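*Asks:* Below you'll find run.tsv; it's TSV, C-alpha atoms.
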```
chain	number	residue	atom	x	y	z
E	1	MET	CA	56.16	136.56	129.68
E	2	CYS	CA	54.57	136.19	133.11
E	3	TYR	CA	55.68	133.10	134.99
E	4	ASP	CA	53.14	131.42	137.25
E	5	GLU	CA	52.85	128.17	139.15
E	6	THR	CA	51.56	126.28	136.14
E	7	ASP	CA	54.10	127.17	133.48
E	8	GLY	CA	57.11	125.39	134.90
E	9	GLN	CA	59.29	128.49	134.83
E	10	GLY	CA	60.22	130.98	137.48
E	11	ARG	CA	58.18	129.35	140.28
E	12	THR	CA	58.45	126.03	142.05
E	13	PRO	CA	55.09	124.22	142.31
E	14	GLY	CA	54.03	123.98	145.95
E	15	ALA	CA	56.67	126.46	147.16
E	16	SER	CA	55.69	129.24	149.53
E	17	PRO	CA	55.86	132.86	148.28
E	18	PRO	CA	59.14	133.58	150.15
E	19	GLU	CA	60.68	130.46	148.64
E	20	GLN	CA	59.44	131.50	145.20
E	21	THR	CA	60.94	134.97	145.59
E	22	GLU	CA	64.26	133.56	146.77
E	23	GLY	CA	64.21	131.12	143.87
E	24	LYS	CA	63.71	133.96	141.42
E	25	LYS	CA	66.55	135.95	142.94
E	26	LYS	CA	68.82	132.91	142.60
E	27	SER	CA	67.59	132.42	139.04
E	28	MET	CA	68.41	136.02	138.19
E	29	LYS	CA	71.87	135.65	139.77
E	30	ARG	CA	72.50	132.51	137.74
E	31	MET	CA	71.35	134.31	134.60
E	32	ILE	CA	73.78	137.16	135.18
E	33	SER	CA	76.62	134.73	135.90
E	34	CYS	CA	75.84	132.79	132.73
E	35	LEU	CA	75.76	136.05	130.78
E	36	LEU	CA	79.20	136.99	132.06
E	37	ALA	CA	80.51	133.53	131.25
E	38	ALA	CA	79.16	133.79	127.70
E	39	LEU	CA	80.60	137.26	127.25
E	40	LEU	CA	84.02	136.25	128.54
E	41	CYS	CA	85.03	133.00	126.82
E	42	ALA	CA	88.75	132.27	127.20
E	43	LEU	CA	91.07	133.00	124.26
E	44	PRO	CA	94.87	133.34	123.87
E	45	LEU	CA	96.74	135.99	125.85
E	46	CYS	CA	96.81	139.49	124.44
E	47	PRO	CA	100.39	140.83	124.08
E	48	ALA	CA	99.19	144.40	124.52
E	49	LEU	CA	98.11	143.51	128.05
E	50	ALA	CA	101.40	141.82	128.94
E	51	ALA	CA	102.28	144.73	131.21
E	52	GLU	CA	99.72	143.34	133.64
E	53	PRO	CA	101.55	140.80	135.85
E	54	ASP	CA	100.39	137.23	135.34
E	55	GLY	CA	100.95	134.04	137.28
E	56	ALA	CA	98.97	131.84	139.61
E	57	GLU	CA	99.43	134.13	142.62
E	58	ALA	CA	98.00	137.27	140.98
E	59	TRP	CA	94.25	137.85	141.07
E	60	ALA	CA	91.81	140.24	139.39
E	61	LEU	CA	88.08	140.96	139.45
E	62	LEU	CA	85.53	140.14	136.79
E	63	VAL	CA	82.61	142.54	137.28
E	64	GLY	CA	79.14	142.74	135.77
E	65	VAL	CA	77.93	146.34	135.74
E	66	LEU	CA	74.51	147.81	134.98
E	67	LYS	CA	74.94	149.99	131.90
E	68	PRO	CA	74.50	153.73	132.46
E	69	ILE	CA	72.26	155.85	130.26
E	70	ASP	CA	75.02	157.93	128.69
E	71	SER	CA	76.90	155.39	126.53
E	72	THR	CA	77.93	156.71	123.14
E	73	TYR	CA	79.12	155.10	119.94
E	74	PRO	CA	81.85	157.11	118.23
E	75	TYR	CA	82.24	155.31	114.90
E	76	ALA	CA	80.08	155.16	111.78
E	77	PRO	CA	78.77	151.66	110.90
E	78	GLU	CA	80.80	151.56	107.68
E	79	ALA	CA	83.98	151.83	109.75
E	80	TYR	CA	83.28	148.29	110.98
E	81	SER	CA	81.76	146.57	107.97
E	82	TYR	CA	82.61	146.39	104.28
E	83	VAL	CA	81.39	144.52	101.20
E	84	ALA	CA	83.38	144.91	97.99
E	85	PRO	CA	80.97	146.14	95.28
E	86	ALA	CA	82.38	143.68	92.75
E	87	TYR	CA	81.37	140.73	94.93
E	88	ALA	CA	78.08	142.01	96.37
E	89	GLU	CA	75.96	140.02	93.92
E	90	GLU	CA	77.95	136.79	94.41
E	91	LEU	CA	77.51	137.14	98.15
E	92	GLY	CA	73.78	137.56	97.70
E	93	LEU	CA	73.84	141.27	98.51
E	94	THR	CA	71.80	142.36	95.53
E	95	GLU	CA	69.88	145.62	95.14
E	96	ALA	CA	66.82	143.93	96.67
E	97	TYR	CA	68.73	143.18	99.85
E	98	PRO	CA	69.82	146.52	101.34
E	99	PRO	CA	66.28	147.86	101.94
E	100	ASP	CA	65.73	145.01	104.37
E	101	LEU	CA	68.69	146.12	106.47
E	102	PRO	CA	68.51	148.87	109.09
E	103	ASP	CA	69.61	152.24	107.76
E	104	GLN	CA	72.70	153.92	109.19
E	105	GLU	CA	70.72	155.89	111.76
E	106	GLU	CA	69.08	152.69	113.00
E	107	MET	CA	72.44	150.92	113.11
E	108	GLN	CA	73.83	153.77	115.21
E	109	ARG	CA	70.84	153.53	117.54
E	110	LEU	CA	71.19	149.77	117.99
E	111	ARG	CA	74.90	149.94	118.59
E	112	ALA	CA	74.41	152.74	121.10
E	113	ILE	CA	72.07	150.40	122.99
E	114	TYR	CA	74.40	147.42	123.00
E	115	ASP	CA	77.93	148.81	122.98
E	116	PRO	CA	79.81	148.74	126.26
E	117	HIS	CA	80.25	151.90	128.23
E	118	VAL	CA	83.97	152.68	128.23
E	119	GLY	CA	84.07	155.21	131.07
E	120	TYR	CA	84.03	153.02	134.18
E	121	THR	CA	86.40	154.29	136.87
E	122	PRO	CA	87.49	152.81	140.22
E	123	ALA	CA	85.09	155.26	141.91
E	124	ASP	CA	82.17	153.84	139.87
E	125	LEU	CA	82.94	150.46	141.43
E	126	GLY	CA	83.38	151.80	144.96
E	127	LEU	CA	87.19	151.50	144.94
E	128	GLU	CA	89.91	154.02	145.69
E	129	ALA	CA	91.94	155.06	142.64
E	130	ALA	CA	95.16	154.00	144.37
E	131	ALA	CA	93.78	150.45	144.73
E	132	VAL	CA	93.32	149.93	140.97
E	133	ARG	CA	95.83	149.64	138.14
E	134	SER	CA	93.19	149.61	135.41
E	135	VAL	CA	89.54	148.92	134.61
E	136	ARG	CA	89.16	147.36	131.17
E	137	PRO	CA	85.80	146.81	129.44
E	138	VAL	CA	85.45	143.40	127.86
E	139	TYR	CA	84.31	144.61	124.49
E	140	PHE	CA	81.78	143.02	122.16
E	141	HIS	CA	80.31	144.85	119.20
E	142	LEU	CA	76.86	143.64	120.17
E	143	SER	CA	76.50	142.36	123.68
E	144	SER	CA	74.07	142.61	126.56
E	145	ARG	CA	71.48	145.35	126.49
E	146	PHE	CA	71.57	145.99	130.23
E	147	TYR	CA	74.96	144.85	131.47
E	148	ASP	CA	78.65	145.44	130.78
E	149	ALA	CA	81.49	143.16	131.75
E	150	CYS	CA	84.83	144.58	132.79
E	151	CYS	CA	88.07	143.33	134.30
E	152	VAL	CA	89.57	145.18	137.26
E	153	PHE	CA	93.34	144.84	137.75
E	154	LEU	CA	94.32	145.66	141.32
E	155	THR	CA	97.33	147.30	142.92
E	156	ASP	CA	97.28	144.47	145.47
E	157	PRO	CA	96.73	141.37	143.31
E	158	SER	CA	96.98	138.91	146.20
E	159	ARG	CA	94.04	136.60	146.85
E	160	ASP	CA	93.23	138.37	150.10
E	161	GLY	CA	93.47	141.78	148.43
E	162	ALA	CA	91.23	140.70	145.56
E	163	GLU	CA	88.62	139.19	147.88
E	164	ALA	CA	88.55	142.37	149.99
E	165	ALA	CA	88.11	144.47	146.85
E	166	ALA	CA	85.37	142.11	145.64
E	167	ARG	CA	83.41	142.63	148.86
E	168	THR	CA	83.60	146.39	148.40
E	169	VAL	CA	82.67	146.23	144.72
E	170	GLY	CA	79.75	143.90	145.48
E	171	GLU	CA	78.16	146.56	147.69
E	172	THR	CA	78.11	149.13	144.85
E	173	PRO	CA	74.55	149.66	143.52
E	174	CYS	CA	75.53	149.51	139.84
E	175	VAL	CA	77.30	146.14	140.22
E	176	ILE	CA	75.18	143.10	139.49
E	177	ASP	CA	77.86	140.42	139.95
E	178	VAL	CA	81.55	140.17	140.87
E	179	ALA	CA	84.01	137.27	140.80
E	180	VAL	CA	87.65	136.84	141.80
E	181	VAL	CA	89.66	135.24	138.96
E	182	PRO	CA	93.37	134.64	138.31
E	183	GLU	CA	94.95	137.51	136.38
E	184	TYR	CA	96.07	135.21	133.59
E	185	GLU	CA	92.43	134.14	133.17
E	186	ALA	CA	91.28	137.76	133.07
E	187	LEU	CA	93.90	138.50	130.43
E	188	ARG	CA	92.76	135.57	128.28
E	189	ARG	CA	89.17	136.72	128.56
E	190	MET	CA	90.08	140.30	127.71
E	191	ALA	CA	91.69	139.10	124.48
E	192	GLU	CA	88.35	137.97	123.05
E	193	GLY	CA	87.12	141.53	122.96
E	194	HIS	CA	87.36	141.94	119.21
E	195	GLU	CA	87.29	139.52	116.31
E	196	VAL	CA	86.84	140.36	112.63
E	197	ILE	CA	85.44	137.92	110.05
E	198	VAL	CA	86.93	138.41	106.57
E	199	GLY	CA	85.83	136.89	103.28
E	200	VAL	CA	88.76	136.52	100.87
E	201	ASP	CA	89.16	135.22	97.35
E	202	PHE	CA	90.00	131.53	96.95
E	203	SER	CA	93.17	132.60	95.15
E	204	LEU	CA	94.69	132.79	98.67
E	205	GLY	CA	93.61	129.22	99.44
E	206	ASP	CA	90.92	127.77	101.68
E	207	ALA	CA	92.58	128.87	104.94
E	208	PRO	CA	94.87	131.86	104.40
E	209	THR	CA	97.01	133.18	107.22
E	210	ALA	CA	97.30	136.77	108.40
E	211	ALA	CA	100.64	136.99	106.55
E	212	ASP	CA	98.85	136.02	103.30
E	213	LEU	CA	96.74	139.17	103.70
E	214	GLY	CA	99.82	141.41	103.91
E	215	ALA	CA	102.43	142.52	106.41
E	216	ASP	CA	100.26	145.46	107.52
E	217	ILE	CA	97.44	143.07	108.43
E	218	ALA	CA	99.76	140.61	110.14
E	219	ASP	CA	101.20	143.40	112.30
E	220	LEU	CA	97.76	143.95	113.88
E	221	CYS	CA	96.71	140.32	114.22
E	222	ALA	CA	97.55	137.75	116.86
E	223	SER	CA	96.02	134.92	114.85
E	224	ALA	CA	93.96	134.03	111.80
E	225	VAL	CA	91.84	130.88	111.88
E	226	PRO	CA	89.08	129.53	109.60
E	227	ALA	CA	85.75	131.07	110.57
E	228	TYR	CA	84.01	127.89	109.35
E	229	ASP	CA	85.43	124.40	109.64
E	230	PRO	CA	84.61	122.81	107.29
E	231	LEU	CA	83.81	125.58	104.83
E	232	PRO	CA	80.05	125.60	104.07
E	233	SER	CA	78.99	124.39	100.63
E	234	TRP	CA	77.34	127.74	99.92
E	235	ALA	CA	80.55	129.72	100.46
E	236	LYS	CA	81.90	131.46	97.36
E	237	CYS	CA	84.98	132.73	99.16
E	238	ALA	CA	87.10	131.69	102.13
E	239	PHE	CA	86.15	133.09	105.55
E	240	ILE	CA	88.76	133.64	108.25
E	241	ALA	CA	88.51	135.07	111.74
E	242	LEU	CA	91.17	137.63	112.66
E	243	ARG	CA	91.98	138.21	116.31
E	244	LEU	CA	93.82	141.35	117.26
E	245	LYS	CA	97.04	141.62	119.22
E	246	ASP	CA	95.64	144.72	120.91
E	247	PRO	CA	91.84	144.42	121.13
E	248	THR	CA	90.60	148.01	120.97
E	249	ARG	CA	87.86	149.63	118.94
E	250	GLU	CA	90.46	151.87	117.32
E	251	ASN	CA	92.41	148.85	116.08
E	252	VAL	CA	89.27	147.20	114.69
E	253	VAL	CA	88.55	150.35	112.69
E	254	ALA	CA	92.17	150.47	111.51
E	255	LEU	CA	92.07	146.79	110.52
E	256	VAL	CA	88.84	147.20	108.56
E	257	GLY	CA	90.32	150.23	106.79
E	258	LEU	CA	93.36	148.23	105.70
E	259	LEU	CA	91.26	145.27	104.57
E	260	ARG	CA	89.04	147.50	102.43
E	261	GLU	CA	92.09	148.34	100.32
E	262	LYS	CA	92.90	144.70	99.52
E	263	PRO	CA	91.66	143.61	96.06
E	264	PHE	CA	91.16	140.01	97.23
E	265	VAL	CA	88.88	140.94	100.16
E	266	TRP	CA	85.20	140.33	99.53
E	267	SER	CA	83.73	141.35	102.87
E	268	VAL	CA	84.60	142.39	106.40
E	269	GLU	CA	82.33	142.10	109.43
E	270	PRO	CA	82.89	142.23	113.18
E	271	ASP	CA	81.92	139.01	114.90
E	272	GLY	CA	78.85	140.41	116.63
E	273	TRP	CA	77.12	138.57	119.48
E	274	THR	CA	73.87	139.44	121.20
E	275	SER	CA	72.32	138.27	124.41
E	276	LEU	CA	68.65	137.99	125.25
E	277	ASP	CA	68.45	139.58	128.67
E	278	THR	CA	66.03	138.32	131.30
E	279	PHE	CA	64.59	141.07	133.47
E	280	LEU	CA	61.96	141.53	136.16
E	281	GLU	CA	59.38	144.17	135.24
E	282	CYS	CA	59.02	146.97	137.83
E	283	ASP	CA	62.29	145.97	139.56
E	284	ALA	CA	63.81	149.46	139.37
E	285	ASP	CA	66.62	148.78	141.85
E	286	ALA	CA	67.61	145.44	140.21
E	287	ASP	CA	67.56	143.48	143.46
E	288	GLY	CA	65.53	140.59	142.02
E	289	ARG	CA	62.18	141.47	143.65
E	290	VAL	CA	59.44	144.10	143.34
E	291	THR	CA	58.82	146.17	146.47
E	292	ALA	CA	57.12	149.40	147.48
E	293	ALA	CA	60.51	151.09	147.05
E	294	ASP	CA	60.42	150.18	143.34
E	295	ALA	CA	56.91	151.63	143.01
E	296	ARG	CA	58.03	154.81	144.75
E	297	GLN	CA	61.05	155.16	142.47
E	298	ILE	CA	58.96	154.63	139.33
E	299	LEU	CA	56.56	157.32	140.53
E	300	ARG	CA	59.51	159.68	141.07
E	301	LEU	CA	60.65	158.95	137.52
E	302	ALA	CA	57.14	159.57	136.23
E	303	VAL	CA	56.77	163.01	137.83
E	304	GLY	CA	60.31	164.13	137.00
E	305	LEU	CA	61.76	164.05	140.52
E	306	ALA	CA	64.39	161.53	139.39
E	307	SER	CA	66.00	160.29	136.19
E	308	PRO	CA	66.89	156.65	135.46
E	309	ALA	CA	70.56	155.98	136.13
E	310	THR	CA	70.86	152.73	134.19
E	311	ARG	CA	69.35	151.20	131.08
E	312	TYR	CA	67.93	148.40	133.18
E	313	GLU	CA	66.07	150.87	135.39
E	314	ALA	CA	64.74	152.81	132.41
E	315	HIS	CA	63.51	149.63	130.73
E	316	VAL	CA	61.85	147.86	133.65
E	317	ALA	CA	60.18	151.07	134.90
E	318	ASP	CA	58.32	151.52	131.60
E	319	VAL	CA	56.04	148.54	132.16
E	320	ASP	CA	53.52	149.38	129.44
E	321	TYR	CA	56.24	150.33	126.89
E	322	SER	CA	54.76	153.77	126.37
E	323	GLY	CA	58.22	155.29	126.00
E	324	LYS	CA	58.63	156.56	129.56
E	325	PRO	CA	57.53	155.67	133.10
E	326	ASP	CA	54.16	157.03	134.16
E	327	ALA	CA	51.72	156.82	137.06
E	328	GLY	CA	50.18	153.67	135.60
E	329	ASP	CA	53.56	151.94	135.74
E	330	ALA	CA	53.99	152.97	139.39
E	331	ARG	CA	50.51	151.68	140.20
E	332	LYS	CA	51.32	148.37	138.51
E	333	ALA	CA	54.54	148.08	140.54
E	334	LEU	CA	52.67	148.71	143.78
E	335	ARG	CA	50.05	146.07	142.97
E	336	VAL	CA	52.84	143.57	142.27
E	337	ALA	CA	54.64	144.57	145.47
E	338	VAL	CA	51.57	143.89	147.66
E	339	GLY	CA	50.71	140.64	145.87
E	340	LEU	CA	47.64	141.79	143.92
E	341	GLU	CA	49.38	140.91	140.64
E	342	PRO	CA	52.08	138.32	139.88
E	343	GLU	CA	55.68	139.23	139.23
E	344	CYS	CA	56.47	139.23	135.52
E	345	TRP	CA	59.79	138.02	134.13
E	346	SER	CA	60.45	138.91	130.50
E	347	GLU	CA	63.14	138.60	127.89
E	348	GLY	CA	64.30	141.24	125.46
```
What's the structure tokens form of this structure?
*Replies:*
Amino acid sequence: MCYDETDGQGRTPGASPPEQTEGKKKSMKRMISCLLAALLCALPLCPALAAEPDGAEAWALLVGVLKPIDSTYPYAPEAYSYVAPAYAEELGLTEAYPPDLPDQEEMQRLRAIYDPHVGYTPADLGLEAAAVRSVRPVYFHLSSRFYDACCVFLTDPSRDGAEAAARTVGETPCVIDVAVVPEYEALRRMAEGHEVIVGVDFSLGDAPTAADLGADIADLCASAVPAYDPLPSWAKCAFIALRLKDPTRENVVALVGLLREKPFVWSVEPDGWTSLDTFLECDADADGRVTAADARQILRLAVGLASPATRYEAHVADVDYSGKPDAGDARKALRVAVGLEPECWSEG
């Protein structure tokens, strides 16, 4: 959608063009901050991360990173989801239903778009390896299309050390936002990374515990809480949310595999979450404004002199959605840069 002075969004009526541009940059910054906050809701501490020192005097970084092009998704969709054939009809998953769902190839494609990139290193964030204990992606099965969130645990976790590291990280081109947070807060946020929703037979009660599902399940889980409270009237089984002690993709796959073997399990599904990203068309360098430099970069992409480094760049450079940047996209960016066309903020 293109925002103009009459639509009440993106521009302040009566504001000068510089004020409008600054307002948009602030709006984009707020959007990214809100995205990170949504991605990183606080949950109980994760025992697997207990090796990281906690306490009020230890600090870490919460970083929003532009996703690179080369993310991969190593697991088949069925490794994450399961519906017991005996209960498919009772759950409404009849033969007429599956054709409306994406096929496995489409599921792989979508997850490859949304899954976090797991290969961030200290160097990617502009930091020396010796300055960093670990960089941990804050994992969601379906999250932002353009951004990843990760926690950076520092060798020097003092407030001064964290603030110095944050200044360095903030100057890295791929970083869209960085915040200094207490380590115990980072650990709580890391723990939300994976949650599995399980439908189980009412023979286990309305709110079974992880122990009710078996010792093997309880060994992997930090907690089991009702996924719905109260249980919806349409529910034909009980739904519980399992949170892992060690939130990794490998442990989610292992948990789903164990649950598939339980005769009382009706269904298993990761608690997916998606964000609708706001982006500025033609803004190839993600600085919140369209300039001649963006037009020049899009033209370089169009003629093959450069390749997009991030998903954000690839998306905003293809203004006409033809599948790749072309000269027309570069021309559009230049017209926006010199004020012949309005900036266009979109969601997707």
*Asks:* Hey, what's within 9 Å of range 120-132 of chain E if we count all atoms listed in the file and toss same-chain stuff fewer than 2 positions away? As a list in words, please?
*Replies:*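 Once the adjacent positions are removed, what remains is Val63, Val65, His117, Val118, Ser134, Val135, Arg136, Pro137, Cys150, Val152, Phe153, Leu154, Thr155, Asp156, Ala165, Thr168, Val169, Gly170, Glu171, Thr172, Pro173, Cys174 and Val175 of chain E.
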*Asks:* Convert the current residue selection to file output with C-alpha atoms, as a CSV table (one decimal), keeping the file's coordinate frame.
*Replies:*
```csv
chain,number,residue,atom,x,y,z
E,63,VAL,CA,82.6,142.5,137.3
E,65,VAL,CA,77.9,146.3,135.7
E,117,HIS,CA,80.2,151.9,128.2
E,118,VAL,CA,84.0,152.7,128.2
E,134,SER,CA,93.2,149.6,135.4
E,135,VAL,CA,89.5,148.9,134.6
E,136,ARG,CA,89.2,147.4,131.2
E,137,PRO,CA,85.8,146.8,129.4
E,150,CYS,CA,84.8,144.6,132.8
E,152,VAL,CA,89.6,145.2,137.3
E,153,PHE,CA,93.3,144.8,137.8
E,154,LEU,CA,94.3,145.7,141.3
E,155,THR,CA,97.3,147.3,142.9
E,156,ASP,CA,97.3,144.5,145.5
E,165,ALA,CA,88.1,144.5,146.8
E,168,THR,CA,83.6,146.4,148.4
E,169,VAL,CA,82.7,146.2,144.7
E,170,GLY,CA,79.8,143.9,145.5
E,171,GLU,CA,78.2,146.6,147.7
E,172,THR,CA,78.1,149.1,144.8
E,173,PRO,CA,74.6,149.7,143.5
E,174,CYS,CA,75.5,149.5,139.8
E,175,VAL,CA,77.3,146.1,140.2
```
*Asks:* Out of E:Leu66, E:Ala224, E:Cys282, E:Ala293, which residue has the shortest atom-to-atom distance to Pro325 in chain E when counting only C-alpha atoms?
*Replies:*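 Once distances to Pro325 in chain E are computed over only C-alpha atoms, the minimum belongs to E:Cys282.
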*Asks:* Compare E:Pro68, E:Gly205, E:Gly214, E:Gly323 by their minimum atom-to-atom distance to Glu261 in chain E, counting all atoms listed in the file, and give me the closest one.
*Replies:*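 Ranking E:Pro68, E:Gly205, E:Gly214, E:Gly323 by distance to Glu261 in chain E, first place goes to E:Gly214.
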*Asks:* From the set E:Tyr321, E:Tyr312, E:Tyr228, E:Trp59, which residue has the shortest atom-to-atom contact distance to Val180 in chain E, counting only C-alpha atoms?
*Replies:* E:Trp59
*Asks:* Pick from E:Glu185, E:Asp177, E:Glu195, E:Asp115: nearest to Glu269 in chain E, with only C-alpha atoms counted?
*Replies:* E:Glu195
*Asks:* For Val181 in chain E, find every residue with an atom within 8 Å (counting only C-alpha atoms), except residues of its own chain fewer than 6 positions away, and show them as a PyMOL selection string.
*Replies:* chain E and resi 59-62
*Asks:* Could you tell me which of E:Glu89, E:Asp216, E:Glu163, E:Asp318 comes closest to Lys262 in chain E if we count only C-alpha atoms?
*Replies:*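 Of the candidates, the smallest distance to Lys262 in chain E is held by E:Asp216.
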*Asks:* Contacts of Ala330 in chain E at 12 Å or less, counting only C-alpha atoms, minus same-chain residues fewer than 6 places along, as a PDB file with C-alpha atoms, in the frame of the given file?
*Replies:*
```
ATOM      1  CA  GLU E 281      59.380 144.170 135.240  1.00  0.00           C
ATOM      2  CA  CYS E 282      59.020 146.970 137.830  1.00  0.00           C
ATOM      3  CA  ASP E 283      62.290 145.970 139.560  1.00  0.00           C
ATOM      4  CA  ALA E 284      63.810 149.460 139.370  1.00  0.00           C
ATOM      5  CA  VAL E 290      59.440 144.100 143.340  1.00  0.00           C
ATOM      6  CA  THR E 291      58.820 146.170 146.470  1.00  0.00           C
ATOM      7  CA  ALA E 292      57.120 149.400 147.480  1.00  0.00           C
ATOM      8  CA  ALA E 293      60.510 151.090 147.050  1.00  0.00           C
ATOM      9  CA  ASP E 294      60.420 150.180 143.340  1.00  0.00           C
ATOM     10  CA  ALA E 295      56.910 151.630 143.010  1.00  0.00           C
ATOM     11  CA  ARG E 296      58.030 154.810 144.750  1.00  0.00           C
ATOM     12  CA  GLN E 297      61.050 155.160 142.470  1.00  0.00           C
ATOM     13  CA  ILE E 298      58.960 154.630 139.330  1.00  0.00           C
ATOM     14  CA  LEU E 299      56.560 157.320 140.530  1.00  0.00           C
ATOM     15  CA  ARG E 300      59.510 159.680 141.070  1.00  0.00           C
ATOM     16  CA  LEU E 301      60.650 158.950 137.520  1.00  0.00           C
ATOM     17  CA  ALA E 302      57.140 159.570 136.230  1.00  0.00           C
ATOM     18  CA  VAL E 303      56.770 163.010 137.830  1.00  0.00           C
ATOM     19  CA  VAL E 316      61.850 147.860 133.650  1.00  0.00           C
ATOM     20  CA  ALA E 317      60.180 151.070 134.900  1.00  0.00           C
ATOM     21  CA  ASP E 318      58.320 151.520 131.600  1.00  0.00           C
ATOM     22  CA  VAL E 319      56.040 148.540 132.160  1.00  0.00           C
ATOM     23  CA  ASP E 320      53.520 149.380 129.440  1.00  0.00           C
ATOM     24  CA  LYS E 324      58.630 156.560 129.560  1.00  0.00           C
ATOM     25  CA  VAL E 336      52.840 143.570 142.270  1.00  0.00           C
ATOM     26  CA  ALA E 337      54.640 144.570 145.470  1.00  0.00           C
TER      27      ALA E 337
END
```
*Asks:* Have a look at CA of Ala327 in chain E and CA of Tyr147 in chain E and let me know their distance in Å, one decimal.
*Replies:* 26.7 Å
*Asks:* Return the padded bounding box of range 79-82 of chain E as AutoDock Vina command-line options: axis-aligned, built from all atoms listed in the file, 5 Å added on each side, with centre and edge lengths in Å to one decimal.
*Replies:*
```
--center_x 82.9 --center_y 149.1 --center_z 107.6 --size_x 12.2 --size_y 15.4 --size_z 16.7
```
*Asks:* Around (69.1, 147.2, 130.8) in the file's own coordinates, what residues are found within 7 Å if you use all atoms listed in the file, given back as a PyMOL selection string?
*Replies:* chain E and resi 66-67+145-147+310-313+315
*Asks:* Okay, now the selection with C-alpha atoms, as a PDB file, in the coordinates of the input?
*Replies:*
```pdb
ATOM      1  CA  LEU E  66      74.510 147.810 134.980  1.00  0.00           C
ATOM      2  CA  LYS E  67      74.940 149.990 131.900  1.00  0.00           C
ATOM      3  CA  ARG E 145      71.480 145.350 126.490  1.00  0.00           C
ATOM      4  CA  PHE E 146      71.570 145.990 130.230  1.00  0.00           C
ATOM      5  CA  TYR E 147      74.960 144.850 131.470  1.00  0.00           C
ATOM      6  CA  THR E 310      70.860 152.730 134.190  1.00  0.00           C
ATOM      7  CA  ARG E 311      69.350 151.200 131.080  1.00  0.00           C
ATOM      8  CA  TYR E 312      67.930 148.400 133.180  1.00  0.00           C
ATOM      9  CA  GLU E 313      66.070 150.870 135.390  1.00  0.00           C
ATOM     10  CA  HIS E 315      63.510 149.630 130.730  1.00  0.00           C
TER      11      HIS E 315
END
```
*Asks:* Counting all atoms listed in the file, figure out which residue out of E:Val338, E:Leu91, E:Leu220, E:Asp206 gets nearest to Thr248 in chain E.
*Replies:*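 Distance minimum relative to Thr248 in chain E lands on E:Leu220.
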*Asks:* For the atom pair CA of Val268 in chain E and CA of Val198 in chain E, what is the interatomic distance in Å to one decimal place?
*Replies:*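 Result for CA of Val268 in chain E versus CA of Val198 in chain E: 4.6 Å, one decimal.
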*Asks:* Keeping N, CA and C atoms (and nothing else), can you write range 121-132 of chain E of this structure as a compact mmCIF listing (two decimals), in the first residue's frame?
*Replies:*
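And here's result33.txt as it stands now:
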```txt
# COMPACT_ATOMS: atom_id res chain seq x y z
N THR E 121 27.63 -15.87 13.11
CA THR E 121 28.88 -15.95 13.86
C THR E 121 29.19 -14.58 14.44
N PRO E 122 30.12 -14.49 15.40
CA PRO E 122 30.52 -13.16 15.88
C PRO E 122 30.96 -12.24 14.75
N ALA E 123 31.68 -12.79 13.76
CA ALA E 123 32.15 -11.96 12.64
C ALA E 123 30.99 -11.37 11.86
N ASP E 124 29.87 -12.13 11.72
CA ASP E 124 28.70 -11.60 11.02
C ASP E 124 28.17 -10.34 11.70
N LEU E 125 28.35 -10.26 13.01
CA LEU E 125 27.83 -9.14 13.79
C LEU E 125 28.89 -8.09 14.07
N GLY E 126 30.07 -8.24 13.46
CA GLY E 126 31.13 -7.25 13.62
C GLY E 126 31.95 -7.42 14.87
N LEU E 127 31.84 -8.58 15.55
CA LEU E 127 32.54 -8.79 16.81
C LEU E 127 33.70 -9.77 16.64
N GLU E 128 34.71 -9.62 17.47
CA GLU E 128 35.80 -10.58 17.51
C GLU E 128 35.32 -11.86 18.17
N ALA E 129 35.83 -13.00 17.69
CA ALA E 129 35.41 -14.29 18.25
C ALA E 129 35.69 -14.37 19.74
N ALA E 130 36.82 -13.79 20.18
CA ALA E 130 37.19 -13.86 21.59
C ALA E 130 36.24 -13.06 22.48
N ALA E 131 35.44 -12.16 21.88
CA ALA E 131 34.54 -11.32 22.66
C ALA E 131 33.19 -11.98 22.90
N VAL E 132 32.95 -13.16 22.29
CA VAL E 132 31.63 -13.76 22.31
C VAL E 132 31.70 -15.19 22.82
```
